[in-house]
$ cat start_38.cif   # mmCIF, C-alpha atoms and all ligand atoms
data_coords
#
loop_
_atom_site.label_atom_id
_atom_site.label_comp_id
_atom_site.auth_asym_id
_atom_site.auth_seq_id
_atom_site.Cartn_x
_atom_site.Cartn_y
_atom_site.Cartn_z
CA MET A 141 0.00 0.00 0.00
CA ARG A 142 1.03 3.66 -0.35
CA THR A 143 0.48 6.78 1.73
CA GLN A 144 2.11 10.17 2.14
CA VAL A 145 3.04 9.95 5.87
CA ALA A 146 3.37 6.71 7.84
CA ILE A 147 2.94 7.38 11.60
CA ILE A 148 4.27 4.85 14.09
CA GLY A 149 2.39 5.00 17.40
CA ALA A 150 -1.18 5.96 18.37
CA GLY A 151 -0.38 7.88 21.53
CA PRO A 152 -1.14 11.61 21.75
CA ALA A 153 1.70 12.56 19.35
CA GLY A 154 0.74 10.11 16.61
CA LEU A 155 -3.00 10.69 16.86
CA LEU A 156 -2.66 14.48 16.96
CA LEU A 157 -0.30 14.49 13.97
CA GLY A 158 -2.61 12.16 12.05
CA GLN A 159 -5.61 14.43 12.61
CA LEU A 160 -3.81 17.64 11.68
CA LEU A 161 -2.49 16.08 8.45
CA HIS A 162 -5.87 14.58 7.56
CA ARG A 163 -7.57 17.97 7.98
CA HIS A 164 -5.14 19.36 5.43
CA GLY A 165 -5.77 16.54 2.96
CA ILE A 166 -2.49 14.73 3.60
CA ASP A 167 -2.89 10.95 3.50
CA ASN A 168 -1.49 9.14 6.51
CA ILE A 169 -1.74 5.82 8.29
CA ILE A 170 -1.16 5.14 11.99
CA LEU A 171 0.41 1.83 13.06
CA GLU A 172 0.00 0.94 16.76
CA ARG A 173 1.23 -2.21 18.46
CA GLN A 174 -1.28 -2.21 21.34
CA THR A 175 -5.07 -2.35 21.41
CA PRO A 176 -7.05 0.90 21.74
CA ASP A 177 -8.16 -0.16 25.23
CA TYR A 178 -4.56 -0.76 26.31
CA VAL A 179 -3.51 2.68 25.08
CA LEU A 180 -6.43 4.25 26.96
CA SER A 181 -5.63 2.29 30.14
CA ARG A 182 -2.27 4.06 30.60
CA ILE A 183 -2.80 6.86 33.15
CA ARG A 184 -0.35 9.65 32.39
CA ALA A 185 -0.48 13.42 31.97
CA GLY A 186 -3.05 15.69 33.53
CA VAL A 187 -2.14 19.30 32.72
CA ILE A 188 -2.12 20.82 29.22
CA GLU A 189 -0.79 24.15 27.98
CA GLN A 190 -2.67 26.49 25.67
CA VAL A 191 -0.57 25.23 22.72
CA ALA A 192 -1.97 21.74 23.20
CA VAL A 193 -5.50 23.09 23.67
CA ASP A 194 -5.23 25.06 20.41
CA LEU A 195 -3.90 22.06 18.48
CA LEU A 196 -6.71 19.82 19.73
CA ASP A 197 -9.19 22.45 18.56
CA GLU A 198 -7.42 22.59 15.18
CA ALA A 199 -7.58 18.79 15.03
CA GLY A 200 -11.34 18.95 15.59
CA ALA A 201 -11.03 17.08 18.90
CA GLY A 202 -11.48 19.88 21.44
CA GLU A 203 -15.24 19.97 22.11
CA ARG A 204 -15.34 17.71 25.21
CA MET A 205 -12.05 19.18 26.46
CA HIS A 206 -13.65 22.65 26.67
CA ARG A 207 -16.79 21.18 28.23
CA GLU A 208 -15.10 19.04 30.87
CA GLY A 209 -11.59 20.47 31.24
CA LEU A 210 -10.83 22.55 34.35
CA VAL A 211 -9.17 25.95 33.79
CA HIS A 212 -6.51 26.55 36.46
CA ASP A 213 -5.29 30.09 37.19
CA GLY A 214 -2.46 28.93 39.41
CA THR A 215 -0.88 26.16 41.44
CA GLN A 216 0.20 25.74 45.04
CA ILE A 217 3.53 24.70 46.53
CA LEU A 218 3.50 23.30 50.06
CA ALA A 219 7.02 23.49 51.45
CA ASP A 220 7.82 22.32 54.96
CA GLY A 221 4.24 22.87 56.09
CA VAL A 222 3.69 26.32 54.53
CA ARG A 223 1.55 26.89 51.37
CA HIS A 224 2.57 29.31 48.65
CA ARG A 225 0.52 30.05 45.54
CA ILE A 226 1.92 30.74 42.08
CA ASP A 227 -0.67 32.88 40.29
CA PHE A 228 -0.28 32.06 36.58
CA ARG A 229 -2.95 34.51 35.44
CA GLU A 230 -1.57 37.46 37.43
CA LEU A 231 2.07 36.71 36.52
CA THR A 232 1.67 35.70 32.86
CA GLY A 233 -1.91 36.42 31.81
CA LYS A 234 -2.22 32.71 30.93
CA THR A 235 -3.79 29.62 32.47
CA VAL A 236 -3.50 25.83 32.06
CA LEU A 237 -6.21 23.24 31.52
CA VAL A 238 -6.57 20.13 33.68
CA TYR A 239 -7.81 17.40 31.35
CA GLY A 240 -6.34 13.90 31.43
CA GLN A 241 -4.20 12.42 28.66
CA THR A 242 -6.57 9.44 28.62
CA GLU A 243 -9.45 11.74 27.61
CA ILE A 244 -7.30 13.54 25.03
CA THR A 245 -6.37 10.19 23.51
CA ARG A 246 -10.01 9.06 23.52
CA ASP A 247 -11.16 12.29 21.83
CA LEU A 248 -8.46 11.95 19.15
CA MET A 249 -9.32 8.28 18.56
CA GLU A 250 -12.99 9.19 18.10
CA ALA A 251 -12.14 12.07 15.77
CA ARG A 252 -9.99 9.76 13.66
CA ALA A 253 -12.64 7.05 13.53
CA ALA A 254 -15.22 9.67 12.52
CA CYS A 255 -13.14 10.85 9.54
CA GLY A 256 -12.30 7.30 8.48
CA ALA A 257 -8.53 7.82 8.36
CA PRO A 258 -6.75 4.43 8.56
CA SER A 259 -5.29 3.18 11.86
CA VAL A 260 -4.02 -0.35 12.34
CA TYR A 261 -3.85 -1.57 15.95
CA GLU A 262 -2.13 -4.68 17.31
CA VAL A 263 0.53 -4.59 14.60
CA GLU A 264 3.67 -6.68 15.14
CA ASP A 265 7.31 -6.34 14.12
CA VAL A 266 7.15 -2.84 12.67
CA SER A 267 10.36 -2.11 10.77
CA LEU A 268 11.55 1.06 9.04
CA HIS A 269 13.45 0.99 5.73
CA ASP A 270 15.26 3.37 3.35
CA PHE A 271 14.39 6.51 5.30
CA ASP A 272 17.83 7.85 4.32
CA GLY A 273 16.64 7.86 0.71
CA HIS A 274 13.59 9.30 -1.11
CA LYS A 275 11.39 6.21 -0.90
CA PRO A 276 11.07 5.19 2.72
CA ARG A 277 9.05 2.10 3.60
CA VAL A 278 7.49 0.63 6.72
CA ARG A 279 6.81 -3.06 7.13
CA TYR A 280 4.53 -4.66 9.71
CA ARG A 281 2.64 -7.86 10.41
CA LYS A 282 -1.03 -8.02 11.32
CA ASP A 283 -2.93 -11.26 11.95
CA GLY A 284 -0.02 -13.17 10.47
CA ARG A 285 -0.01 -11.17 7.22
CA GLU A 286 2.99 -9.05 6.20
CA THR A 287 2.29 -5.58 4.78
CA GLU A 288 4.62 -2.99 3.29
CA VAL A 289 3.74 0.73 3.32
CA GLU A 290 5.45 2.95 0.74
CA CYS A 291 5.45 6.57 1.86
CA ASP A 292 7.11 9.95 1.50
CA PHE A 293 7.84 10.39 5.21
CA ILE A 294 7.85 8.35 8.44
CA ALA A 295 6.83 10.01 11.74
CA GLY A 296 8.27 8.10 14.71
CA CYS A 297 5.66 8.79 17.42
CA ASP A 298 6.21 5.47 19.18
CA GLY A 299 7.43 6.66 22.56
CA PHE A 300 10.59 5.99 24.54
CA HIS A 301 10.55 2.22 23.97
CA GLY A 302 9.50 2.42 20.33
CA VAL A 303 11.27 1.10 17.23
CA SER A 304 11.80 4.41 15.40
CA ARG A 305 14.67 5.93 17.37
CA LYS A 306 16.28 2.50 17.62
CA SER A 307 16.21 2.22 13.81
CA VAL A 308 18.67 5.10 13.47
CA PRO A 309 22.33 3.99 13.10
CA SER A 310 24.08 4.70 16.41
CA ASP A 311 26.69 6.93 14.74
CA HIS A 312 23.91 9.23 13.44
CA ILE A 313 22.30 9.99 16.80
CA LYS A 314 23.49 11.44 20.12
CA THR A 315 21.58 10.95 23.36
CA TYR A 316 21.67 12.85 26.64
CA GLU A 317 20.25 11.29 29.80
CA ARG A 318 19.84 11.80 33.51
CA VAL A 319 18.15 9.09 35.58
CA TYR A 320 16.76 10.19 38.96
CA PRO A 321 17.26 8.01 42.09
CA PHE A 322 13.52 7.72 42.77
CA GLY A 323 10.15 7.15 41.09
CA TRP A 324 6.55 8.34 41.41
CA LEU A 325 3.95 6.05 42.91
CA GLY A 326 0.70 7.24 41.35
CA LEU A 327 -2.88 6.53 42.47
CA LEU A 328 -6.14 7.38 40.70
CA SER A 329 -9.37 7.39 42.75
CA ASP A 330 -12.98 8.45 42.31
CA THR A 331 -12.77 10.83 45.26
CA PRO A 332 -13.04 14.64 45.29
CA PRO A 333 -9.70 16.52 45.10
CA VAL A 334 -8.29 18.02 48.31
CA SER A 335 -8.00 21.43 46.64
CA ASP A 336 -9.30 23.39 43.65
CA GLU A 337 -5.72 23.65 42.44
CA LEU A 338 -2.77 21.25 42.23
CA ILE A 339 -0.55 21.09 45.30
CA TYR A 340 3.16 20.30 44.78
CA VAL A 341 4.57 19.14 48.13
CA ARG A 342 8.17 19.32 49.30
CA HIS A 343 8.55 17.23 52.46
CA SER A 344 11.40 15.52 54.32
CA LEU A 345 9.59 12.18 53.72
CA GLY A 346 9.59 12.90 49.99
CA PHE A 347 7.75 14.79 47.26
CA ALA A 348 4.00 14.45 46.82
CA LEU A 349 1.55 15.86 44.29
CA CYS A 350 -2.20 16.32 44.71
CA SER A 351 -3.76 16.54 41.25
CA MET A 352 -7.10 15.71 39.72
CA ARG A 353 -8.99 14.69 36.59
CA SER A 354 -12.40 16.17 37.49
CA PRO A 355 -14.32 17.44 40.58
CA THR A 356 -14.95 13.78 41.43
CA ARG A 357 -11.71 12.08 40.35
CA SER A 358 -8.30 12.66 41.98
CA ARG A 359 -4.76 11.79 40.98
CA TYR A 360 -2.05 11.60 43.64
CA TYR A 361 1.67 10.89 43.48
CA LEU A 362 4.24 10.01 46.13
CA GLN A 363 8.00 10.09 45.56
CA CYS A 364 9.21 6.56 46.24
CA SER A 365 12.32 4.43 46.02
CA LEU A 366 12.93 2.66 42.71
CA ALA A 367 13.16 -0.56 44.74
CA GLU A 368 9.50 -0.26 45.78
CA ASP A 369 7.10 -3.05 44.79
CA ILE A 370 3.60 -1.85 43.92
CA ASP A 371 2.18 -4.93 45.68
CA ALA A 372 3.67 -3.62 48.94
CA TRP A 373 1.45 -0.53 48.63
CA PRO A 374 -2.13 -1.36 49.49
CA ASP A 375 -4.43 1.67 49.30
CA ASP A 376 -4.41 2.22 53.08
CA ARG A 377 -0.62 2.49 53.13
CA PHE A 378 -0.71 4.98 50.26
CA TRP A 379 -3.30 7.19 51.99
CA SER A 380 -1.43 7.04 55.29
CA GLU A 381 1.88 8.07 53.67
CA LEU A 382 0.18 10.85 51.70
CA ARG A 383 -1.40 12.21 54.88
CA MET A 384 2.02 12.45 56.53
CA ARG A 385 3.26 14.68 53.71
CA LEU A 386 0.24 17.05 53.65
CA ASP A 387 -0.59 20.08 55.80
CA ARG A 388 -3.55 20.09 58.19
CA ASP A 389 -5.94 21.75 55.74
CA ALA A 390 -5.31 19.14 53.04
CA ARG A 391 -5.38 16.29 55.58
CA ASP A 392 -8.78 17.49 56.83
CA LYS A 393 -10.11 17.66 53.26
CA LEU A 394 -8.58 14.40 52.03
CA VAL A 395 -11.24 11.90 50.98
CA THR A 396 -9.78 8.44 50.58
CA GLY A 397 -11.24 5.58 48.61
CA ARG A 398 -10.44 2.52 46.53
CA SER A 399 -7.75 3.05 43.88
CA ILE A 400 -8.87 2.53 40.28
CA GLU A 401 -5.26 2.62 39.10
CA LYS A 402 -1.95 2.46 40.93
CA SER A 403 1.52 2.33 39.33
CA ILE A 404 5.16 3.30 39.80
CA ALA A 405 6.91 5.32 37.09
CA PRO A 406 10.67 5.92 37.00
CA LEU A 407 11.85 9.50 36.39
CA ARG A 408 14.38 10.38 33.75
CA SER A 409 15.51 13.28 31.57
CA PHE A 410 16.38 12.16 28.05
CA VAL A 411 16.96 13.83 24.69
CA ALA A 412 17.97 12.32 21.35
CA GLU A 413 19.57 14.62 18.79
CA PRO A 414 18.81 15.34 16.03
CA MET A 415 15.08 14.61 15.67
CA ARG A 416 15.28 14.12 11.90
CA PHE A 417 17.06 11.43 9.90
CA GLY A 418 16.41 11.87 6.18
CA ARG A 419 12.73 11.04 5.75
CA LEU A 420 12.27 9.86 9.37
CA PHE A 421 11.13 12.42 11.96
CA LEU A 422 10.89 11.70 15.70
CA ALA A 423 8.19 13.42 17.80
CA GLY A 424 7.15 13.17 21.45
CA ASP A 425 8.57 10.62 23.85
CA ALA A 426 10.33 8.87 20.94
CA ALA A 427 12.77 11.80 21.01
CA HIS A 428 12.69 13.05 24.61
CA ILE A 429 11.55 12.31 28.13
CA VAL A 430 11.09 14.73 31.03
CA PRO A 431 10.38 14.00 34.70
CA PRO A 432 6.63 14.76 35.11
CA THR A 433 7.27 17.38 37.83
CA GLY A 434 6.92 20.19 35.31
CA ALA A 435 3.87 18.69 33.52
CA LYS A 436 5.74 19.00 30.22
CA GLY A 437 5.78 15.50 28.66
CA LEU A 438 2.52 15.60 26.79
CA ASN A 439 2.89 19.31 26.06
CA LEU A 440 6.29 18.76 24.43
CA ALA A 441 4.75 16.07 22.25
CA ALA A 442 2.15 18.64 21.20
CA SER A 443 4.76 21.29 20.37
CA ASP A 444 6.77 18.78 18.30
CA VAL A 445 3.59 17.94 16.40
CA ARG A 446 2.87 21.63 15.86
CA TYR A 447 6.25 22.05 14.13
CA LEU A 448 6.11 18.72 12.27
CA SER A 449 2.55 19.00 10.99
CA GLN A 450 3.25 22.53 9.67
CA ALA A 451 6.44 21.27 8.01
CA PHE A 452 4.54 18.52 6.15
CA ILE A 453 1.72 20.91 5.23
CA ASP A 454 4.22 23.44 3.83
CA PHE A 455 5.93 20.65 1.86
CA TYR A 456 2.75 19.38 0.24
CA MET A 457 0.89 22.69 -0.14
CA SER A 458 3.78 25.05 -1.01
CA LYS A 459 6.52 22.62 -2.07
CA SER A 460 8.64 24.25 0.63
CA THR A 461 11.22 22.17 2.55
CA ALA A 462 12.01 24.98 5.04
CA GLY A 463 9.85 23.49 7.80
CA ILE A 464 11.25 20.02 7.25
CA ASP A 465 14.84 21.27 7.17
CA HIS A 466 14.39 23.32 10.39
CA TYR A 467 12.12 20.91 12.29
CA SER A 468 14.82 19.37 14.46
CA SER A 469 16.53 22.61 15.48
CA ARG A 470 13.21 24.36 16.19
CA ALA A 471 11.78 21.45 18.19
CA LEU A 472 14.99 20.89 20.16
CA ALA A 473 15.21 24.55 21.20
CA ARG A 474 11.83 24.14 22.93
CA VAL A 475 12.66 20.64 24.19
CA TRP A 476 15.76 21.82 26.05
CA GLN A 477 13.82 24.66 27.70
CA ALA A 478 11.31 22.11 28.97
CA GLU A 479 14.10 19.71 29.99
CA ARG A 480 15.73 22.42 32.07
CA PHE A 481 12.47 23.48 33.70
CA SER A 482 11.46 19.88 34.49
CA TRP A 483 14.92 19.14 35.92
CA TRP A 484 14.78 22.34 38.01
CA MET A 485 11.31 21.60 39.41
CA THR A 486 12.40 18.03 40.18
CA THR A 487 15.65 18.99 41.95
CA MET A 488 13.88 21.76 43.90
CA LEU A 489 11.01 19.65 45.21
CA HIS A 490 12.28 16.09 45.74
CA THR A 491 14.48 14.64 48.49
CA PHE A 492 17.75 13.25 47.15
CA PRO A 493 19.16 10.61 49.49
CA GLU A 494 22.74 11.42 48.56
CA ASN A 495 22.29 15.20 48.98
CA SER A 496 24.69 16.83 51.45
CA GLY A 497 23.45 19.32 54.03
CA PHE A 498 24.75 22.08 51.75
CA ASP A 499 22.68 20.78 48.80
CA GLN A 500 19.58 20.66 50.97
CA LYS A 501 20.14 24.27 52.03
CA LEU A 502 20.49 25.27 48.37
CA GLN A 503 17.19 23.52 47.59
CA ARG A 504 15.41 25.50 50.30
CA ALA A 505 17.06 28.74 49.18
CA GLU A 506 15.86 28.10 45.60
CA LEU A 507 12.29 27.69 46.83
CA ASP A 508 12.50 30.74 49.12
CA TYR A 509 13.59 32.84 46.13
CA VAL A 510 10.51 31.68 44.18
CA PHE A 511 8.27 32.49 47.17
CA ARG A 512 9.74 35.94 47.80
CA SER A 513 10.56 37.25 44.33
CA LYS A 514 7.90 38.14 41.77
CA VAL A 515 10.57 37.78 39.08
CA ALA A 516 11.42 34.26 40.23
CA ALA A 517 7.76 33.28 40.54
CA THR A 518 7.12 34.68 37.06
CA ALA A 519 9.98 32.60 35.68
CA LEU A 520 8.35 29.47 37.09
CA ALA A 521 4.88 30.48 35.92
CA GLU A 522 5.88 31.32 32.34
CA GLN A 523 7.55 27.95 31.89
CA TYR A 524 4.68 26.07 33.54
CA VAL A 525 1.98 27.65 31.32
CA GLY A 526 4.22 27.13 28.27
CA LEU A 527 6.75 29.46 26.67
CA PRO A 528 5.54 31.39 23.61
CA PHE A 529 6.67 29.98 20.22
P1 LIG A 601 3.38 7.54 24.04
O1 LIG A 601 4.38 6.67 24.74
O2 LIG A 601 2.20 8.06 24.80
O3 LIG A 601 2.78 6.75 22.78
C1 LIG A 601 3.61 5.96 21.95
C2 LIG A 601 2.73 4.88 21.32
O4 LIG A 601 3.55 4.13 20.41
C3 LIG A 601 2.19 3.90 22.36
O5 LIG A 601 0.80 3.76 22.21
C4 LIG A 601 2.93 2.60 22.06
O6 LIG A 601 2.14 1.46 22.30
C5 LIG A 601 3.24 2.76 20.58
N1 LIG A 601 4.41 1.96 20.15
C6 LIG A 601 5.57 1.77 20.81
N2 LIG A 601 6.39 0.98 20.08
C7 LIG A 601 5.72 0.67 18.92
C8 LIG A 601 6.04 -0.12 17.79
N3 LIG A 601 7.21 -0.73 17.69
N4 LIG A 601 5.12 -0.22 16.80
C9 LIG A 601 3.93 0.43 16.89
N5 LIG A 601 3.57 1.19 17.96
C10 LIG A 601 4.46 1.30 18.96
N6 LIG A 601 3.55 13.63 31.15
C11 LIG A 601 3.01 14.66 31.83
O7 LIG A 601 2.97 15.77 31.30
N7 LIG A 601 2.51 14.47 33.11
C12 LIG A 601 2.54 13.23 33.71
O8 LIG A 601 2.09 13.07 34.85
C13 LIG A 601 3.08 12.13 33.04
N8 LIG A 601 3.10 10.87 33.61
C14 LIG A 601 3.66 9.83 32.91
C15 LIG A 601 3.71 8.51 33.45
C16 LIG A 601 4.31 7.46 32.74
C17 LIG A 601 4.34 6.06 33.34
C18 LIG A 601 4.87 7.69 31.47
C19 LIG A 601 5.53 6.56 30.69
C20 LIG A 601 4.81 8.98 30.92
C21 LIG A 601 4.21 10.04 31.63
N9 LIG A 601 4.12 11.34 31.10
C22 LIG A 601 3.58 12.38 31.75
C23 LIG A 601 4.62 11.61 29.81
C24 LIG A 601 3.58 11.16 28.84
O9 LIG A 601 2.39 11.86 29.05
C25 LIG A 601 4.16 11.37 27.47
O10 LIG A 601 4.80 12.63 27.37
C26 LIG A 601 3.16 11.21 26.37
O11 LIG A 601 2.55 9.97 26.49
C27 LIG A 601 3.90 11.37 25.05
O12 LIG A 601 3.09 10.94 24.06
P2 LIG A 601 3.70 10.13 22.82
O13 LIG A 601 4.93 10.81 22.37
O14 LIG A 601 2.56 9.96 21.90
O15 LIG A 601 4.21 8.74 23.39
C1 LIG A 602 -1.22 14.67 36.71
O1 LIG A 602 -2.32 15.16 37.01
O2 LIG A 602 -1.08 13.47 36.35
C2 LIG A 602 0.00 15.55 36.80
C3 LIG A 602 -0.15 16.92 36.93
C4 LIG A 602 0.97 17.73 37.02
C5 LIG A 602 2.23 17.15 36.98
C6 LIG A 602 2.39 15.77 36.82
C7 LIG A 602 1.26 14.96 36.74
O3 LIG A 602 3.34 17.95 37.08
#
$ encode --input "start_38.cif" --output "C-alpha cells"
Amino acid sequence: MRTQVAIIGAGPAGLLLGQLLHRHGIDNIILERQTPDYVLSRIRAGVIEQVAVDLLDEAGAGERMHREGLVHDGTQILADGVRHRIDFRELTGKTVLVYGQTEITRDLMEARAACGAPSVYEVEDVSLHDFDGHKPRVRYRKDGRETEVECDFIAGCDGFHGVSRKSVPSDHIKTYERVYPFGWLGLLSDTPPVSDELIYVRHSLGFALCSMRSPTRSRYYLQCSLAEDIDAWPDDRFWSELRMRLDRDARDKLVTGRSIEKSIAPLRSFVAEPMRFGRLFLAGDAAHIVPPTGAKGLNLAASDVRYLSQAFIDFYMSKSTAGIDHYSSRALARVWQAERFSWWMTTMLHTFPENSGFDQKLQRAELDYVFRSKVAATALAEQYVGLPF
C-alpha cells in the first residue's frame, strides 16, 4: 500500500499528527502495536498548555475538552508545612487546563474514527526501511499477514521504547540522559480533590503531588524508592503516607477511597539529537523524556507535532522544505527549555538521598527565592503555562 506519511504510534503525538495532516488533505496511516483499550488504560499526563488546547481544537477534537476540562489560574507549593501560591494569570496572563491524557487520547481516537482515516492496531514487528533515501518504507505484520507501506515520510511517534529511534544507526544519533534516584507512585481514585488547584509538596519524607482529573476524580503521586514493589502498597498504606506529607488543611479535606489505578513510574531526563534522519522524523517521547514534575511531557509532544505538521503541510501545499529542514533545530530549542524546567522543578522539590546538608540548604534557598521574588515566581509560571513559540 502507499500513503504520504506513515505514523508509528497511536499515543497523543501520533493521533494528533494524524488528525492535523488529515484535515489538510495529507494521507497518513497510523500503526499501533497495542489495542485501543490498552492505550487508553495508561494513566499519564493531567495538565495541558494552551498550545496543546489550540492544536486539539485545530484537530477537531477539542469539544469535550472545553466542556469538561478545568481551567486553572495557578498552582500551590506546600514546602515544609507552609503553602505558597503561584498565580499564573496574574504573573503571565495565561492559564493551564486540567484534562487527562486518557481523555485527550479518547477524543483523538474518536475524531480519527469519525473521519475514516486508517489506523491499524495490534501490529507486530514494525520495521523502518530506506528513510535515508527518497522512498522510505514501513513493514509490519497483522494477523499473520505481512504488509509494506510505501510513503514519502515516516513520523516516529512510538514513545521511549519504540522502534523508530532504535532504527537510526548509532553513529547518526546522540543521546543525553539523567536518571533520577527515585520514582513516582501514582494513584487514581474516584474521590473529590483536596484542593481546587494542584498542590506540589516538598517534604522531608519525599515529594508528593495532589492533582485531579475532574471534581470527582483525583490523581495523587508520592516520591518513592525505585526498589519499591507496587504490591507492597495497598491503598491504606498509600493514603497514610500521603497524609504524613500534607498540611492540616489538606489532611482534613482528604477523601480516601479505593484506587482505580496504581503504578510506579521511573523518572528520567532524556533527549535524542537530532530529531530528523532523512525522511524519518521523531516526535514526542520517541525523542525526549522529562520527569513529570513540570507537567511537560505531553505538552512537548504537542509542540513537536505543531512544528512537524506545519512542516509537512508546507511541503505538500507550497513545495517548501524549510519546515522540514528546520524541524529538528526548532523542536529541540523548545525541548531543552522544557528539559531544564522539568529538571529544576524536580531537583527543587524532591528529596535526594545522597544530597549533602549544603545541597539541601540550596534547595530550600531556591524555593525561598521563588516564594519571595515576583521575578522568580514569574519565571516558574511562564515555563509552567508554556513558553511562547
Ligand atoms: P506515548 O508513549 O504516549 O505513545 C507511543 C505509542 O507508540 C504507544 O501507544 C505505544 O504502544 C506505541 N508503540 C511503541 N512501540 C511501537 C512499535 N514498535 N510499533 C507500533 N507502535 C508502537 N507527562 C506529563 O505531562 N505528566 C505526567 O504526569 C506524566 N506521567 C507519565 C507517566 C508514565 C508512566 C509515562 C511513561 C509517561 C508520563 N508522562 C507524563 C509523559 C507522557 O504523558 C508522554 O509525554 C506522552 O505519552 C507522550 O506521548 P507520545 O509521544 O505519543 O508517546
Ligand atoms: C497529573 O495530574 O497526572 C499531573 C499533573 C501535574 C504534573 C504531573 C502529573 O506535574
$ residues_near_ligand --input "start_38.cif" --ligand "ligand LIG 601 (chain A)" --cutoff "7 Å" --atoms "all atoms listed in the file" --output "VMD selection string"
chain A and resid 148 to 154 171 to 174 179 183 to 187 241 263 to 266 297 to 303 405 423 to 426 429 432 435 to 441
$ closest_residue --input "start_38.cif" --among "A:Tyr316, A:Arg353, A:Ala462, A:Arg398" --to "His428 in chain A" --atoms "all atoms listed in the file"
A:Tyr316
$ closest_residue --input "start_38.cif" --among "A:Tyr456, A:Trp379, A:Tyr361, A:Phe492" --to "ligand LIG 602 (chain A)" --atoms "all atoms listed in the file"
A:Tyr361
$ atom_distance --input "start_38.cif" --atom1 "CA of Ala372 in chain A" --atom2 "CA of Leu386 in chain A"
21.5 Å
$ residues_around --input "start_38.cif" --residues "Glu337 in chain A" --least-positions-apart "5" --cutoff "8 Å" --atoms "all atoms listed in the file" --output "compact mmCIF listing (two decimals) with C-alpha atoms, in the coordinates of the input"
# COMPACT_ATOMS: atom_id res chain seq x y z
CA HIS A 212 -6.51 26.55 36.46
CA GLY A 214 -2.46 28.93 39.41
CA THR A 215 -0.88 26.16 41.44
CA GLN A 216 0.20 25.74 45.04
CA SER A 351 -3.76 16.54 41.25
$ decode --input "start_38.cif" --residues "range 436-448 of chain A" --atoms "N, CA, C and O atoms" --output "PDB file, in the first residue's frame"
ATOM      1  N   LYS A 436       5.316  18.605  31.556  1.00  0.00           N
ATOM      2  CA  LYS A 436       5.742  18.995  30.217  1.00  0.00           C
ATOM      3  C   LYS A 436       5.677  17.877  29.177  1.00  0.00           C
ATOM      4  O   LYS A 436       5.718  18.142  27.978  1.00  0.00           O
ATOM      5  N   GLY A 437       5.632  16.604  29.617  1.00  0.00           N
ATOM      6  CA  GLY A 437       5.784  15.502  28.663  1.00  0.00           C
ATOM      7  C   GLY A 437       4.805  15.575  27.509  1.00  0.00           C
ATOM      8  O   GLY A 437       5.182  15.681  26.338  1.00  0.00           O
ATOM      9  N   LEU A 438       3.553  15.568  27.829  1.00  0.00           N
ATOM     10  CA  LEU A 438       2.518  15.604  26.793  1.00  0.00           C
ATOM     11  C   LEU A 438       2.573  16.911  26.011  1.00  0.00           C
ATOM     12  O   LEU A 438       2.417  16.949  24.786  1.00  0.00           O
ATOM     13  N   ASN A 439       2.863  17.994  26.720  1.00  0.00           N
ATOM     14  CA  ASN A 439       2.890  19.306  26.060  1.00  0.00           C
ATOM     15  C   ASN A 439       4.055  19.423  25.077  1.00  0.00           C
ATOM     16  O   ASN A 439       3.931  20.079  24.039  1.00  0.00           O
ATOM     17  N   LEU A 440       5.170  18.773  25.386  1.00  0.00           N
ATOM     18  CA  LEU A 440       6.293  18.764  24.434  1.00  0.00           C
ATOM     19  C   LEU A 440       5.931  17.966  23.187  1.00  0.00           C
ATOM     20  O   LEU A 440       6.277  18.346  22.065  1.00  0.00           O
ATOM     21  N   ALA A 441       5.194  16.856  23.411  1.00  0.00           N
ATOM     22  CA  ALA A 441       4.751  16.069  22.253  1.00  0.00           C
ATOM     23  C   ALA A 441       3.889  16.950  21.348  1.00  0.00           C
ATOM     24  O   ALA A 441       4.022  16.940  20.125  1.00  0.00           O
ATOM     25  N   ALA A 442       3.037  17.758  21.979  1.00  0.00           N
ATOM     26  CA  ALA A 442       2.154  18.637  21.202  1.00  0.00           C
ATOM     27  C   ALA A 442       2.960  19.696  20.446  1.00  0.00           C
ATOM     28  O   ALA A 442       2.682  19.972  19.268  1.00  0.00           O
ATOM     29  N   SER A 443       3.997  20.247  21.085  1.00  0.00           N
ATOM     30  CA  SER A 443       4.757  21.285  20.371  1.00  0.00           C
ATOM     31  C   SER A 443       5.590  20.677  19.241  1.00  0.00           C
ATOM     32  O   SER A 443       5.701  21.266  18.164  1.00  0.00           O
ATOM     33  N   ASP A 444       6.092  19.453  19.431  1.00  0.00           N
ATOM     34  CA  ASP A 444       6.772  18.777  18.302  1.00  0.00           C
ATOM     35  C   ASP A 444       5.792  18.628  17.133  1.00  0.00           C
ATOM     36  O   ASP A 444       6.116  18.915  15.979  1.00  0.00           O
ATOM     37  N   VAL A 445       4.581  18.189  17.455  1.00  0.00           N
ATOM     38  CA  VAL A 445       3.588  17.935  16.401  1.00  0.00           C
ATOM     39  C   VAL A 445       3.182  19.242  15.723  1.00  0.00           C
ATOM     40  O   VAL A 445       2.920  19.269  14.514  1.00  0.00           O
ATOM     41  N   ARG A 446       3.180  20.314  16.484  1.00  0.00           N
ATOM     42  CA  ARG A 446       2.873  21.628  15.863  1.00  0.00           C
ATOM     43  C   ARG A 446       3.902  21.959  14.782  1.00  0.00           C
ATOM     44  O   ARG A 446       3.566  22.347  13.669  1.00  0.00           O
ATOM     45  N   TYR A 447       5.179  21.765  15.108  1.00  0.00           N
ATOM     46  CA  TYR A 447       6.248  22.052  14.131  1.00  0.00           C
ATOM     47  C   TYR A 447       6.190  21.061  12.966  1.00  0.00           C
ATOM     48  O   TYR A 447       6.287  21.432  11.790  1.00  0.00           O
ATOM     49  N   LEU A 448       6.012  19.763  13.300  1.00  0.00           N
ATOM     50  CA  LEU A 448       6.114  18.721  12.266  1.00  0.00           C
ATOM     51  C   LEU A 448       4.922  18.764  11.319  1.00  0.00           C
ATOM     52  O   LEU A 448       5.091  18.653  10.092  1.00  0.00           O
TER      53      LEU A 448
END
